Each structure stands twice: as structure tokens, then as C-alpha cells.
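A.B. asks: Would you mind keeping the following structure in view while I ask a few things?
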Amino acid sequence: MADPIVSVRNVSRRYPGGVTAVDNVSVDIMPNEFFALLGPSGCGKTTLLRMISGLDTPSEGHIFIGGEDMALTPPNKRPTNMVFQSYAVFPHMTVAQNVAYGLKVTGVPADEIKRRVGEGLEQVKLSHLADRKPDQMSGGQRQRVALARALVKRPKVLLLDEPLSALDAKLRDDMRLELTRLQQEVGITFIIVTHDQDEALSMATRIAVMEKGAIRQLATPEELYEHPTSRFVADFIGKVNLFEADVVSQKGKALVCNAKGLGKMNLSSDRECGKQVTIAVRPEKLKLSKTSPKVDGLIKAEARVRDVAYYGDWSEVVVELANGQTVSVNVQNEKRDVNASVTRGEKTYVSWSPTDSLVLTE
Amino acid sequence: MATQMKPGVGPLEYGRRRWLQALFAVTLIVLYVPIFVLIAFSFNQQNRGGVWKGFTLENYPKAWQNQSIYDAMVNSLTIALVTTLIATVIGTMVAVMMWRFRFPLKPAYEAAMGLPIVIPEICMGVALLLFFNSTGLMGFFSAMVWPFNLSTIIIAHIAFCFPFVAIVVRSRLVGFNKQLEEASRDLGANEWQTFWQVLVPYMKPGIIAGALLAFTLSLDDFVITFFTAGPETVTFPVKIYSMVKTGVKYEVNAASTILILITILATVLAMKLQAPEKSGH
């Protein structure tokens with residue numbers, strides 16, 4: 001396996017006044033990865049990114065980039081460049097001057113600057129706006145300036161701090177594809193900070209989910225979605241139905257639980273479960289049927305439809321179990337039959353395969 | 001009870017309210033008629049006495065040729081230019097320091113920096129005079145050759161001008177996005193480059209506005225100058241004062257008109273540069 005391009009070793013960041021933004025985090029980021037730091041606001045993801053860029057300093061621990069300890073390297077000497085949340089495009093410079101800035105201050109020869117700025121603007125499709133001032137541009141265009149400005153420096157690692165949060169929905173989708181394209185094109189490591197799970201899932205090759213200054217789980221998007229290891233991750237990534245359950249018995253992997261509102265069920269778990277577990281099921285794994293399903297081994301329960309939200313290609317149906325717990329079910333609207341959909345108040349059966357349930361212990 | 005408004009008169013239609021118009025007219029008259037009279041009489045043929053004898057431009061070359069007025073004007077402009085230069089540098093540095101750093105007793109320091117704006121000029125004038133006399137600086141400087149014999153005035157002017165620069169630049173800095181500075185560092189610039197290529201261009205409108213403010217303040221200052229000038233030194237406002245005591249000659253009007261023009265020009269420029277920019281960030 002290749003050496004990591006960024007290696008964060010036991011890094012903490014404490015602020016005076018007792019606030020710990022990042023708490024003993026270690027993570028290795030591989031070359032050419034599109035790595036996402038995902039978490040709610042205040043989880044320390046931006047602080048971690050800023051420490052990698054050198055704009056913030058760890059209280060403890062070390063950060064290695066390309067194998068070198070960065071402890072004494074100021075931000076202007078690091079092989080990283082950042083795309084800021086506010087873009088931070090210099091207002092008194094034209095687009096071309098903005099893109100040239102990082103090369104100019106480090107003494108790159110003028111003819112090379114010209115060539116690289118041209119290429120950089122080409123890359124983000126802004127060549128026609130080279131002489132514009134930023135205040136004559138849209139948010140999406142300024143974002144591209146910020147990207148080009150960072151990319152012409154040819155960093156080993158490009159850091160992106162919530163790059164899409166200030167854009168409107170349509171632009172955000174375009175930019176998402178654009179970023180993925182750019183990353184494959186230039187072949188450098190991208191580290192993106194985001195609070196938006198869709199952003200992380202759709203772009204990243206690996207995601208670190210952070211909470212309270214620590215990484216809760218580090219995995220590929222599919223792994224995170226289908227095999228979250230904690231309630232927090234299951235709940236943060238996508239929608240999930242959670243059921244509290246008592247453990248009746250566990251023999252190796254075979255686990256028998258008694259879940260409230262669902263009764264006894266046979267599940268499997270790799271780990272020692274203790275007395276209490278949470279059973280998590282994604283809404284799209286659930287099925288609704290008008291009669292009790294006849295297939296053996298399904299987990300099933302009688303329910304009443306409480307709410308239906310119709311989205312065209314799919315509907316979100318919220319049903320209520322006998323004990324009052326609500327469960328979300330995603331139903332694909334596969335048939336062109338307007339009357340096939342469920343209606344509020346209707347009696348229904350909800351069911352799913354035990355292999356689609358997850359047993360969470362924390 | 002509802003206010004009694006004539007139908008169709010909105011609350012902001014001040015053009016249709018007689019008493020507002022009257023107030024407006026009185027204000028304008030009190031403020032500007034004396035100035036217009038001063039300017040008008042600078043074109044009067046007769047040299048003194050308040051009677052209009054016909055239009056002439058003669059007073060202007062006369063004022064120019066009057067050696068004492070000329071000297072006073074040169075002194076005033078020299079003082080204003082040197083003061084502006086130094087006060088702008090000090091004021092900008094104070095503004096950056098108060099914006100960038102946190103240090104103990106900062107509020108007290110900020111208040112102390114703003115104090116010269118509110119201290120009565122007469123107090124400051126007397127205090128500076130006592131200071132220069134008791135330290136022997138007054139004798140030391142006034143024995144020097146021109147322009148160094150203006151030093152006491154220049155020092156005094158810098159002292160009351162730089163807080164104005166600091167306030168103008170500081171208020172400009174409030175809108176500065178600190179990520180711009182971080183972006184500059186991140187792109188490879190050292191702190192020095194960042195200061196000159198990112199922060200200074202951003203402050204520039206504030207610096208220029210502050211400088212022009214300092215220039216006009218210094219140019220027409222009378223009270224503090226009067227106290228801190230050496231025995232031989234005369235500035236333009238002081239010169240006019242001494243001439244008025246012996247009756248106004250119209251060449252004084254001519255010179256004053258030039259001073260008004262310079263001041264208006266500088267003020268208009270300052271206001272233009274201080275106007276909020278249409279930059280979207």
C-alpha cells in the first residue's frame with residue numbers, strides 16, 4: 001500500500017477557556033483520494049482542515065504531509081491550498097490577477113505565470129472572464145476563481161471548506177460533478193469539509209464522520225450507509241428507523257432480540273451485544289403490503305398509515321405501529337397507477353428481511 | 001389622534017411642507033451667505049470698505065504678490081503636507097493595531113487614541129505650548145532654519161490629526177474578510193506581502209479619505225497653531241486673523257477663496273472615496 005499523503009497523528013486542538021475543538025484525532029489520507037470530513041457544525045471538521053493547511057496549530061500531535069512533519073511549516077510553505085467557504089477572492093484584483101497571485105508572490109517567472117493562469121482559467125471554464133472584477137461575478141463564478149487560484153499552485157493536497165454551501169441548489173449539483181471531474185483530471189488529493197451528507201456520499205471516496213472533535217467512523221460511502229457502527233452515524237447519514245430492543249440471548253453471531261412493538265426476532269451480530277441494542281433499518285429496505293406477508297423469516301408488524309409525502313418517483317410513507325412508534329417507509333412508485341398508493345389512516349403491514357437490519361450497540 | 005396631513009402629502013414629501021422649507025432656507029442662508037459674500041468681494045474693485053464698486057480679478061495677483069500672505073500660505077501648505085504624510089502613517093498603523101490585536105487595556109487605549117478629537121482645541125493648544133516651552137523644544141525648533149522652524153506646529157497638528165485617520169481606516173477595516181488574509185498566506189505570500197498586497201489595497205480608500213481629512217484639518221487650524229507657533233512663524237489662518245484686525249483688504253478675500261476651494265476639493269474627494277463600495281463579498 002502506498003504511503004499516505006496526509007497523516008494526522010493524535011492531533012488535538014484546545015482553545016483557551018477549555019473548549020476542545022479536535023480531540024486526539026488520527027487519520028491517514030491516501031494520494032488521489034477524494035476525502036470528506038463530514039459532521040454537524042461544531043464537530044471540529046473545519047478546525048482539522050485548517051490545521052492541515054497551517055492556518056491553525058495543533059495543541060498536541062503531529063501532521064505529516066508527504067511524509068514531512070509540518071509542525072514548524074507556516075501555511076505559505078505547505079504543499080496545500082485551500083478553497084475558502086467565503087471564496088476569499090481578492091476584490092481589488094481581476095480574475096486573472098487573482099489566479100496569478102499565488103504564483104507571483106512566490107516568484108514564478110512572468111511567462112510561466114501567464115501560461116499557467118491561462119491553463120487554470122481554462123480548467124474552470126472562466127477564460128472569457130479573465131479581466132472581470134469579482135464584484136461583477138456570480139457566486140458560482142467566484143467559486144471557480146477560488147478553485148483555479150488554488151489549483152494553479154499545483155498543491156499536493158487541495159482543501160475545500162464547505163465549498164458548495166453558499167450556492168443555490170442547481171449550481172450545487174453542477175459544481176458537485178465539476179469537482180469530481182476536476183479531481184480526476186488533475187489527480188491530486190482533495191479533502192473536503194461538509195455538513196451535507198449528500199455532498200459527501202456523492203463525491204468522496206472515503207468519509208470520516210466527526211462528532212464532538214473525534215472521528216466516529218471512517219469508511220467508504222457505501223460502507224457508511226449500509227454498515228454504520230453507531231447510532232450517531234446511522235442517524236446522521238441518510239434516514240433511518242431505530243428500534244430499541246432487549247437482548248434475549250446471544251450465541252456467537254446468532255442474536256435473539258425482543259424489540260418494542262415488533263416482538264422477538266433472530267438477527268446476527270459480530271460483536272458482544274450486552275443487554276440493550278438498537279436495531280436500525282433504512283426506509284427503502286422496508287415493504288408495505290395490504291395483507292400480512294406470507295414469506296417466512298421476515299420481521300413484520302401491523303401498522304396504520306399516518307402520513308404520505310409524494311415526491312413523484314417515490315413517496316415517503318410514515319406508518320404508526322401499535323405501540324405508537326412511527327416508522328418511515330420509502331415506496332418506489334413503479335406503476336402508473338394513481339390508485340395504487342396508500343392513503344392516510346389505512347391499515348397496512350410493514351415488513352423487512354432480518355439481513356437488512358443493523359444491530360447497533362453504541 | 002391622527003396627524004393632520006393634507007391629502008396626498010406623504011410623510012417623506014418634505015418639499016411640500018412650508019415650515020421645513022423655511023428651516024432649510026434659514027440654514028442655508030446662515031451657513032453660506034457669509035461665504036458667498038466673502039467670495040463675491042474677492043472680485044470687488046475697491047480695496048476696502050463694504051461697497052461694491054465693480055468686478056475685477058486684480059485681488060488675486062495682489063494677494064499672490066503680497067509677500068507676507070504668500071509666506072503664510074507656503075507655511076500652511078508645508079505644514080499640512082508634512083502633517084498629512086506622518087499622521088496618515090501613524091493613524092493607519094494605530095487602526096491596524098486596534099483591528100488586528102488583542103491586548104490588555106485595549107478599550108482604554110482606544111479611548112486614549114480618540115481623545116484628541118473631543119478635547120477642546122484651546123486646552124490642547126495651551127497644553128502643547130506649556131510642553132514645548134518647559135522642555136525647551138520651542139526655543140530649540142524656532143532657532144532652526146525653514147522649514148524645520150515649523151516643527152512645533154507640525155508635531156501639534158500630527159497629534160490632533162492622526163486620530164481622525166485612525167477612525168476612518170478602522171471603520172473601513174470592519175468590513176474586511178479575514179479569510180482574504182488567510183487566503184493570501186495559504187497561496188504562498190509571507191506576512192509582509194500579505195500586508196502590502198491584500199490589506200493595504202483594501203484600506204486604500206480609507207487611507208486616502210483619512211489623509212484628505214487630516215490635510216484640511218491641518219490647513220485651516222487656527223487655535224492650536226496660534227499657541228504652538230514660534231515667534232517668527234505665521235500660517236495662513238493666523239495671518240488672516242492679524243490682517244482682519246486692521247480691516248479686511250480684499251486680497252484677504254481672494255486668498256481665503258483659494259483656501260475654501262482647496263478645502264472643498266479635498267472634502268469632496270474624501271467623501272467620494274469613503275462612500276461604500278459596490279463590492280459583493
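Chain identifiers are assigned as A, B, and so on, following the order in which chains appear in the C-alpha cells; residues are numbered from 1 within each chain, and ligands are numbered from 1 in order of appearance.
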With only C-alpha atoms counted and 7 Å as the cut-off, give the residues of chain A in contact with chain B, each with its shortest interatomic distance in Å and the pair that gives it, as CSV.
C.D. replies:
```
residue,atom,partner,partner_atom,distance
A:Pro75,CA,B:Asp186,CA,5.2
A:Asn76,CA,B:Gly188,CA,3.8
A:Lys77,CA,B:Gly188,CA,6.3
A:Asn81,CA,B:Asp186,CA,6.0
A:Met82,CA,B:Asp186,CA,6.8
A:Ala88,CA,B:Leu180,CA,4.8
A:Val89,CA,B:Leu180,CA,6.9
A:Phe90,CA,B:Leu180,CA,6.5
A:His92,CA,B:Pro201,CA,7.0
A:Gly102,CA,B:Leu187,CA,4.6
A:Val105,CA,B:Ala189,CA,5.4
A:Thr106,CA,B:Gly188,CA,6.2
A:Asp135,CA,B:Ser279,CA,5.0
```
A.B. asks: Output N, CA and C atoms for every residue in that selection, as a PDB file, in the first residue's frame.
C.D. replies:
```pdb
ATOM      1  N   PRO A  75       1.766  28.274   6.794  1.00  0.00           N
ATOM      2  CA  PRO A  75       0.843  27.937   5.697  1.00  0.00           C
ATOM      3  C   PRO A  75       1.400  28.252   4.312  1.00  0.00           C
ATOM      4  N   ASN A  76       2.207  29.339   4.205  1.00  0.00           N
ATOM      5  CA  ASN A  76       2.698  29.719   2.876  1.00  0.00           C
ATOM      6  C   ASN A  76       3.791  28.797   2.362  1.00  0.00           C
ATOM      7  N   LYS A  77       4.278  27.902   3.237  1.00  0.00           N
ATOM      8  CA  LYS A  77       5.316  26.962   2.786  1.00  0.00           C
ATOM      9  C   LYS A  77       4.781  25.541   2.653  1.00  0.00           C
ATOM     10  N   ASN A  81      -3.322  23.822  -0.642  1.00  0.00           N
ATOM     11  CA  ASN A  81      -4.031  25.073  -0.922  1.00  0.00           C
ATOM     12  C   ASN A  81      -5.489  24.887  -0.584  1.00  0.00           C
ATOM     13  N   MET A  82      -6.110  26.010  -0.243  1.00  0.00           N
ATOM     14  CA  MET A  82      -7.441  25.929   0.335  1.00  0.00           C
ATOM     15  C   MET A  82      -8.434  26.704  -0.520  1.00  0.00           C
ATOM     16  N   ALA A  88     -13.143  34.033  -0.559  1.00  0.00           N
ATOM     17  CA  ALA A  88     -11.996  34.911  -0.277  1.00  0.00           C
ATOM     18  C   ALA A  88     -11.265  35.301  -1.556  1.00  0.00           C
ATOM     19  N   VAL A  89     -12.035  35.624  -2.579  1.00  0.00           N
ATOM     20  CA  VAL A  89     -11.437  36.142  -3.811  1.00  0.00           C
ATOM     21  C   VAL A  89     -11.066  37.605  -3.569  1.00  0.00           C
ATOM     22  N   PHE A  90      -9.844  38.001  -3.954  1.00  0.00           N
ATOM     23  CA  PHE A  90      -9.400  39.368  -3.674  1.00  0.00           C
ATOM     24  C   PHE A  90     -10.222  40.371  -4.477  1.00  0.00           C
ATOM     25  N   HIS A  92      -9.964  43.539  -5.054  1.00  0.00           N
ATOM     26  CA  HIS A  92      -9.314  44.616  -5.813  1.00  0.00           C
ATOM     27  C   HIS A  92      -8.528  44.093  -7.001  1.00  0.00           C
ATOM     28  N   GLY A 102      -0.911  33.696  -6.306  1.00  0.00           N
ATOM     29  CA  GLY A 102      -0.110  32.696  -5.601  1.00  0.00           C
ATOM     30  C   GLY A 102       1.200  32.388  -6.305  1.00  0.00           C
ATOM     31  N   VAL A 105       3.609  35.887  -5.891  1.00  0.00           N
ATOM     32  CA  VAL A 105       4.263  36.108  -4.597  1.00  0.00           C
ATOM     33  C   VAL A 105       5.370  35.097  -4.317  1.00  0.00           C
ATOM     34  N   THR A 106       5.361  33.994  -5.049  1.00  0.00           N
ATOM     35  CA  THR A 106       6.431  33.025  -4.815  1.00  0.00           C
ATOM     36  C   THR A 106       7.497  33.108  -5.906  1.00  0.00           C
ATOM     37  N   ASP A 135     -16.565  41.588  -8.145  1.00  0.00           N
ATOM     38  CA  ASP A 135     -17.898  42.095  -7.813  1.00  0.00           C
ATOM     39  C   ASP A 135     -18.839  42.107  -9.011  1.00  0.00           C
TER      40      ASP A 135
END
```
A.B. asks: Do you know which residues are at most 9 Å from Leu288 of chain A counting only C-alpha atoms, after dropping those on the same chain fewer than 5 positions away, and could you put them as a list of chain:residue names?
C.D. replies: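 My reading of the contact set: A:Val329, A:Val331, A:Thr348, A:Tyr349, A:Val350, A:Ser351.
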A.B. asks: Residues near Arg172 of chain B, anyone? I mean within 10 Å using only C-alpha atoms, not counting same-chain ones fewer than 2 positions away, as a list in words.
C.D. replies: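 My list of contacting residues is Ala95, Ala166, Ile167, Val168, Val169, Arg170, Val174, Gly175, Phe176, Tyr202, Met203, Lys204, Pro205, Gly206, Ile207, Gln274 and Pro276 of chain B.
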A.B. asks: Generate the output file for the selected residues, C-alpha atoms, as a compact mmCIF listing (two decimals), in the first residue's frame.
C.D. replies:
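Written file, selection.txt:
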```
# COMPACT_ATOMS: atom_id res chain seq x y z
CA ALA B 95 -6.08 51.43 13.08
CA ALA B 166 -7.24 56.05 12.60
CA ILE B 167 -11.03 56.26 12.94
CA VAL B 168 -11.64 56.39 9.19
CA VAL B 169 -9.27 53.50 8.42
CA ARG B 170 -10.57 51.46 11.36
CA VAL B 174 -14.54 46.45 9.97
CA GLY B 175 -15.76 45.13 6.63
CA PHE B 176 -12.57 43.22 5.90
CA TYR B 202 -8.34 47.14 0.89
CA MET B 203 -7.64 50.04 3.26
CA LYS B 204 -6.69 52.42 0.45
CA PRO B 205 -9.99 54.33 0.17
CA GLY B 206 -9.95 54.78 3.95
CA ILE B 207 -6.31 55.85 3.97
CA GLN B 274 -15.28 56.92 1.69
CA PRO B 276 -19.37 52.40 0.48
```
A.B. asks: Using only C-alpha atoms, which of the listed residues (B:Ala209, B:Ala40, B:Leu261, B:Met243) sits closest to Gly91 of chain B?
C.D. replies: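 Smallest distance to Gly91 of chain B is found for B:Ala209.
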A.B. asks: Residues within 7 Å of segment 321-326 of chain A, please, as an NGL selection string. Count only C-alpha atoms; anything in the same chain fewer than 5 positions from it doesn't count.
C.D. replies: :A and (261 or 302-304)
A.B. asks: Selection from above, all heavy atoms, as an mmCIF file, in the first residue's frame, can you write it?
C.D. replies:
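The result, stored in part.cif:
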```cif
data_model
loop_
_atom_site.group_PDB
_atom_site.id
_atom_site.type_symbol
_atom_site.label_atom_id
_atom_site.label_comp_id
_atom_site.auth_asym_id
_atom_site.auth_seq_id
_atom_site.Cartn_x
_atom_site.Cartn_y
_atom_site.Cartn_z
ATOM 1 N N GLY A 261 -42.624 -3.284 20.225
ATOM 2 C CA GLY A 261 -43.556 -3.089 19.128
ATOM 3 C C GLY A 261 -43.388 -4.093 18.003
ATOM 4 O O GLY A 261 -44.205 -4.155 17.097
ATOM 5 N N GLU A 302 -48.049 -5.000 12.208
ATOM 6 C CA GLU A 302 -49.225 -4.324 11.702
ATOM 7 C C GLU A 302 -49.077 -2.827 11.989
ATOM 8 O O GLU A 302 -48.532 -2.452 13.031
ATOM 9 C CB GLU A 302 -50.458 -4.868 12.425
ATOM 10 C CG GLU A 302 -51.744 -4.603 11.687
ATOM 11 C CD GLU A 302 -52.945 -5.120 12.485
ATOM 12 O OE1 GLU A 302 -52.900 -6.299 12.904
ATOM 13 O OE2 GLU A 302 -53.874 -4.330 12.687
ATOM 14 N N ALA A 303 -49.546 -2.008 11.055
ATOM 15 C CA ALA A 303 -49.385 -0.564 11.255
ATOM 16 C C ALA A 303 -50.504 0.193 10.575
ATOM 17 O O ALA A 303 -51.293 -0.390 9.820
ATOM 18 C CB ALA A 303 -48.045 -0.110 10.707
ATOM 19 N N ARG A 304 -50.568 1.480 10.879
ATOM 20 C CA ARG A 304 -51.580 2.326 10.263
ATOM 21 C C ARG A 304 -50.861 3.487 9.581
ATOM 22 O O ARG A 304 -49.907 4.046 10.140
ATOM 23 C CB ARG A 304 -52.529 2.826 11.338
ATOM 24 C CG ARG A 304 -53.851 3.314 10.804
ATOM 25 C CD ARG A 304 -54.894 3.410 11.899
ATOM 26 N NE ARG A 304 -55.453 2.116 12.280
ATOM 27 C CZ ARG A 304 -56.383 1.460 11.573
ATOM 28 N NH1 ARG A 304 -56.850 1.964 10.448
ATOM 29 N NH2 ARG A 304 -56.853 0.303 11.992
#
```
A.B. asks: Find the residue from B:Val252, B:Ala214, B:Thr152, B:Phe222 that sits nearest to Leu130 of chain B; use only C-alpha atoms when measuring.
C.D. replies: B:Thr152
A.B. asks: Report, in Å to a single decimal, how far apart atom CA of Lys156 of chain A and atom CA of Pro79 of chain A are.
C.D. replies: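 Pair atom CA of Pro79 of chain A / atom CA of Lys156 of chain A returns 5.4 Å.
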A.B. asks: Write out as a count of residues only all residues of segment 7-141 of chain B that DSSP puts in alpha helix (DSSP H) for this structure's backbone.
C.D. replies: 98
A.B. asks: Identify, on the basis of only C-alpha atoms, every residue whose closest approach to segment 273-285 of chain A does not exceed 6 Å; exclude the query and any residue fewer than 4 positions from it along the same chain; express the result as a ChimeraX atom specification.
C.D. replies: /A:240-247,328-330,357-361
A.B. asks: May I have the selected residues written with N, CA and C atoms, as a CSV table (one decimal), in the first residue's frame?
C.D. replies:
```csv
chain,number,residue,atom,x,y,z
A,240,VAL,N,-33.1,6.9,8.9
A,240,VAL,CA,-33.1,5.6,9.5
A,240,VAL,C,-34.2,5.4,10.5
A,241,ASN,N,-34.7,4.2,10.6
A,241,ASN,CA,-35.7,3.9,11.6
A,241,ASN,C,-34.9,3.1,12.7
A,242,LEU,N,-35.1,3.6,14.0
A,242,LEU,CA,-34.4,3.0,15.1
A,242,LEU,C,-35.4,2.4,16.0
A,243,PHE,N,-35.1,1.1,16.5
A,243,PHE,CA,-35.9,0.4,17.4
A,243,PHE,C,-35.1,0.0,18.6
A,244,GLU,N,-35.5,0.3,19.8
A,244,GLU,CA,-34.9,-0.2,21.0
A,244,GLU,C,-35.2,-1.6,21.2
A,245,ALA,N,-34.2,-2.4,21.6
A,245,ALA,CA,-34.5,-3.9,21.8
A,245,ALA,C,-33.8,-4.4,23.0
A,246,ASP,N,-34.4,-5.4,23.7
A,246,ASP,CA,-33.6,-6.1,24.7
A,246,ASP,C,-33.1,-7.4,24.1
A,247,VAL,N,-31.8,-7.7,24.6
A,247,VAL,CA,-31.2,-8.9,24.1
A,247,VAL,C,-31.7,-10.1,24.9
A,328,SER,N,-40.7,5.2,9.1
A,328,SER,CA,-40.7,5.8,7.7
A,328,SER,C,-40.4,4.7,6.7
A,329,VAL,N,-41.2,4.7,5.6
A,329,VAL,CA,-41.0,3.7,4.6
A,329,VAL,C,-40.9,4.4,3.3
A,330,ASN,N,-39.9,4.1,2.5
A,330,ASN,CA,-39.8,4.7,1.1
A,330,ASN,C,-40.4,3.8,0.1
A,357,SER,N,-31.5,-5.5,8.6
A,357,SER,CA,-31.5,-4.7,9.9
A,357,SER,C,-30.0,-4.7,10.4
A,358,LEU,N,-29.8,-3.6,11.1
A,358,LEU,CA,-28.4,-3.5,11.7
A,358,LEU,C,-28.6,-3.5,13.2
A,359,VAL,N,-27.6,-4.1,13.8
A,359,VAL,CA,-27.6,-4.1,15.3
A,359,VAL,C,-26.6,-3.1,15.8
A,360,LEU,N,-27.0,-2.1,16.4
A,360,LEU,CA,-26.1,-1.1,16.9
A,360,LEU,C,-26.0,-1.2,18.4
A,361,THR,N,-24.7,-1.1,18.9
A,361,THR,CA,-24.6,-1.2,20.4
A,361,THR,C,-24.2,0.1,21.0
```
A.B. asks: Excluding same-chain residues fewer than 4 positions from Phe131 of chain B, what lies within 12 Å of it counting only C-alpha atoms, as a list in words?
C.D. replies: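 Here the qualifying residues turn out to be Met124, Gly125, Val126, Ala127, Thr135, Gly136, Leu137, Met138, Gly139, Thr152, Ile155, Ala156, Phe227 and Thr228 of chain B.
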A.B. asks: With N, CA and C atoms retained, write the just-selected residues as a PDB file, in the first residue's frame.
C.D. replies:
```pdb
ATOM      1  N   MET B 124      -5.838  71.828  24.290  1.00  0.00           N
ATOM      2  CA  MET B 124      -4.725  71.158  23.643  1.00  0.00           C
ATOM      3  C   MET B 124      -3.648  72.177  23.261  1.00  0.00           C
ATOM      4  N   GLY B 125      -4.085  73.325  22.767  1.00  0.00           N
ATOM      5  CA  GLY B 125      -3.143  74.370  22.383  1.00  0.00           C
ATOM      6  C   GLY B 125      -2.308  74.824  23.563  1.00  0.00           C
ATOM      7  N   VAL B 126      -2.985  75.131  24.665  1.00  0.00           N
ATOM      8  CA  VAL B 126      -2.271  75.592  25.857  1.00  0.00           C
ATOM      9  C   VAL B 126      -1.336  74.502  26.367  1.00  0.00           C
ATOM     10  N   ALA B 127      -1.839  73.281  26.423  1.00  0.00           N
ATOM     11  CA  ALA B 127      -1.036  72.176  26.939  1.00  0.00           C
ATOM     12  C   ALA B 127       0.230  71.994  26.107  1.00  0.00           C
ATOM     13  N   THR B 135       9.995  72.071  27.982  1.00  0.00           N
ATOM     14  CA  THR B 135      11.047  71.143  27.563  1.00  0.00           C
ATOM     15  C   THR B 135      12.129  71.861  26.761  1.00  0.00           C
ATOM     16  N   GLY B 136      11.904  73.126  26.460  1.00  0.00           N
ATOM     17  CA  GLY B 136      12.888  73.868  25.672  1.00  0.00           C
ATOM     18  C   GLY B 136      12.795  73.575  24.183  1.00  0.00           C
ATOM     19  N   LEU B 137      11.798  72.782  23.800  1.00  0.00           N
ATOM     20  CA  LEU B 137      11.663  72.443  22.377  1.00  0.00           C
ATOM     21  C   LEU B 137      11.301  73.670  21.542  1.00  0.00           C
ATOM     22  N   MET B 138      10.518  74.554  22.148  1.00  0.00           N
ATOM     23  CA  MET B 138      10.075  75.730  21.409  1.00  0.00           C
ATOM     24  C   MET B 138      11.279  76.557  20.939  1.00  0.00           C
ATOM     25  N   GLY B 139      12.190  76.839  21.889  1.00  0.00           N
ATOM     26  CA  GLY B 139      13.384  77.609  21.537  1.00  0.00           C
ATOM     27  C   GLY B 139      14.257  76.838  20.566  1.00  0.00           C
ATOM     28  N   THR B 152       7.331  72.544  15.691  1.00  0.00           N
ATOM     29  CA  THR B 152       6.382  72.505  16.815  1.00  0.00           C
ATOM     30  C   THR B 152       4.947  72.457  16.303  1.00  0.00           C
ATOM     31  N   ILE B 155       4.258  68.971  14.812  1.00  0.00           N
ATOM     32  CA  ILE B 155       4.048  67.962  15.867  1.00  0.00           C
ATOM     33  C   ILE B 155       2.643  68.106  16.448  1.00  0.00           C
ATOM     34  N   ALA B 156       2.243  69.345  16.726  1.00  0.00           N
ATOM     35  CA  ALA B 156       0.910  69.584  17.290  1.00  0.00           C
ATOM     36  C   ALA B 156      -0.186  69.132  16.323  1.00  0.00           C
ATOM     37  N   PHE B 227      -1.111  78.826  19.319  1.00  0.00           N
ATOM     38  CA  PHE B 227      -0.385  78.599  20.558  1.00  0.00           C
ATOM     39  C   PHE B 227       0.992  77.987  20.336  1.00  0.00           C
ATOM     40  N   THR B 228       1.112  77.162  19.310  1.00  0.00           N
ATOM     41  CA  THR B 228       2.347  76.392  19.173  1.00  0.00           C
ATOM     42  C   THR B 228       3.317  77.003  18.172  1.00  0.00           C
TER      43      THR B 228
END
```
A.B. asks: Could you pull the residues within 12 Å of segment 40-44 of chain A, counting only C-alpha atoms, minus those fewer than 4 positions along the same chain, as a VMD selection string?
C.D. replies: chain A and resid 11 to 15 19 to 25 48 to 51 56 162 193 to 197 208 to 216 232 to 233 235 to 237
A.B. asks: With C-alpha atoms kept, could you save the residues just selected as a PDB file, in the first residue's frame?
C.D. replies:
```pdb
ATOM      1  CA  VAL A  11      -3.901  15.725  16.922  1.00  0.00           C
ATOM      2  CA  SER A  12      -5.859  17.792  19.417  1.00  0.00           C
ATOM      3  CA  ARG A  13      -6.830  21.422  19.318  1.00  0.00           C
ATOM      4  CA  ARG A  14      -7.832  23.053  22.574  1.00  0.00           C
ATOM      5  CA  TYR A  15      -8.793  26.687  22.868  1.00  0.00           C
ATOM      6  CA  VAL A  19     -13.102  24.219  24.565  1.00  0.00           C
ATOM      7  CA  THR A  20     -11.712  21.205  22.741  1.00  0.00           C
ATOM      8  CA  ALA A  21     -12.410  21.504  19.029  1.00  0.00           C
ATOM      9  CA  VAL A  22     -10.444  18.447  17.925  1.00  0.00           C
ATOM     10  CA  ASP A  23      -9.774  15.627  20.347  1.00  0.00           C
ATOM     11  CA  ASN A  24      -6.941  13.182  19.683  1.00  0.00           C
ATOM     12  CA  VAL A  25      -7.667  12.520  16.017  1.00  0.00           C
ATOM     13  CA  LEU A  48      -8.923  19.874  11.447  1.00  0.00           C
ATOM     14  CA  LEU A  49      -8.820  21.181   7.863  1.00  0.00           C
ATOM     15  CA  ARG A  50      -7.296  24.470   8.996  1.00  0.00           C
ATOM     16  CA  MET A  51      -4.631  22.621  10.944  1.00  0.00           C
ATOM     17  CA  ASP A  56      -4.420  26.742  12.803  1.00  0.00           C
ATOM     18  CA  GLU A 162     -17.799  23.828   2.659  1.00  0.00           C
ATOM     19  CA  VAL A 193     -15.243  19.616   4.720  1.00  0.00           C
ATOM     20  CA  THR A 194     -19.005  19.449   4.615  1.00  0.00           C
ATOM     21  CA  HIS A 195     -22.056  19.112   6.817  1.00  0.00           C
ATOM     22  CA  ASP A 196     -24.103  17.858   3.896  1.00  0.00           C
ATOM     23  CA  GLN A 197     -24.252  14.066   3.765  1.00  0.00           C
ATOM     24  CA  ALA A 208     -14.681  10.470   8.085  1.00  0.00           C
ATOM     25  CA  VAL A 209     -17.775  11.210  10.145  1.00  0.00           C
ATOM     26  CA  MET A 210     -16.904  13.505  13.010  1.00  0.00           C
ATOM     27  CA  GLU A 211     -18.712  14.276  16.224  1.00  0.00           C
ATOM     28  CA  LYS A 212     -17.507  16.356  19.157  1.00  0.00           C
ATOM     29  CA  GLY A 213     -13.970  16.632  17.870  1.00  0.00           C
ATOM     30  CA  ALA A 214     -13.497  12.926  17.218  1.00  0.00           C
ATOM     31  CA  ILE A 215     -13.864  10.678  14.195  1.00  0.00           C
ATOM     32  CA  ARG A 216     -16.765   8.332  14.832  1.00  0.00           C
ATOM     33  CA  PHE A 232     -24.934   8.706  15.584  1.00  0.00           C
ATOM     34  CA  VAL A 233     -23.547   7.715  12.198  1.00  0.00           C
ATOM     35  CA  ASP A 235     -28.797   8.759  12.080  1.00  0.00           C
ATOM     36  CA  PHE A 236     -26.511  11.373  10.531  1.00  0.00           C
ATOM     37  CA  ILE A 237     -26.068   9.629   7.192  1.00  0.00           C
TER      38      ILE A 237
END
```
A.B. asks: Let me make sure I understand: among B:Ile262, B:Ile208, B:Ile35, B:Leu150, which one has the smallest atom-to-atom distance to Glu232 of chain B if we use only C-alpha atoms?
C.D. replies: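 For Glu232 of chain B, the nearest of the candidates is B:Leu150.
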A.B. asks: DSSP on the backbone: what in segment 238-270 of chain A comes out strand (DSSP E or B), as a count of residues only?
C.D. replies: 23
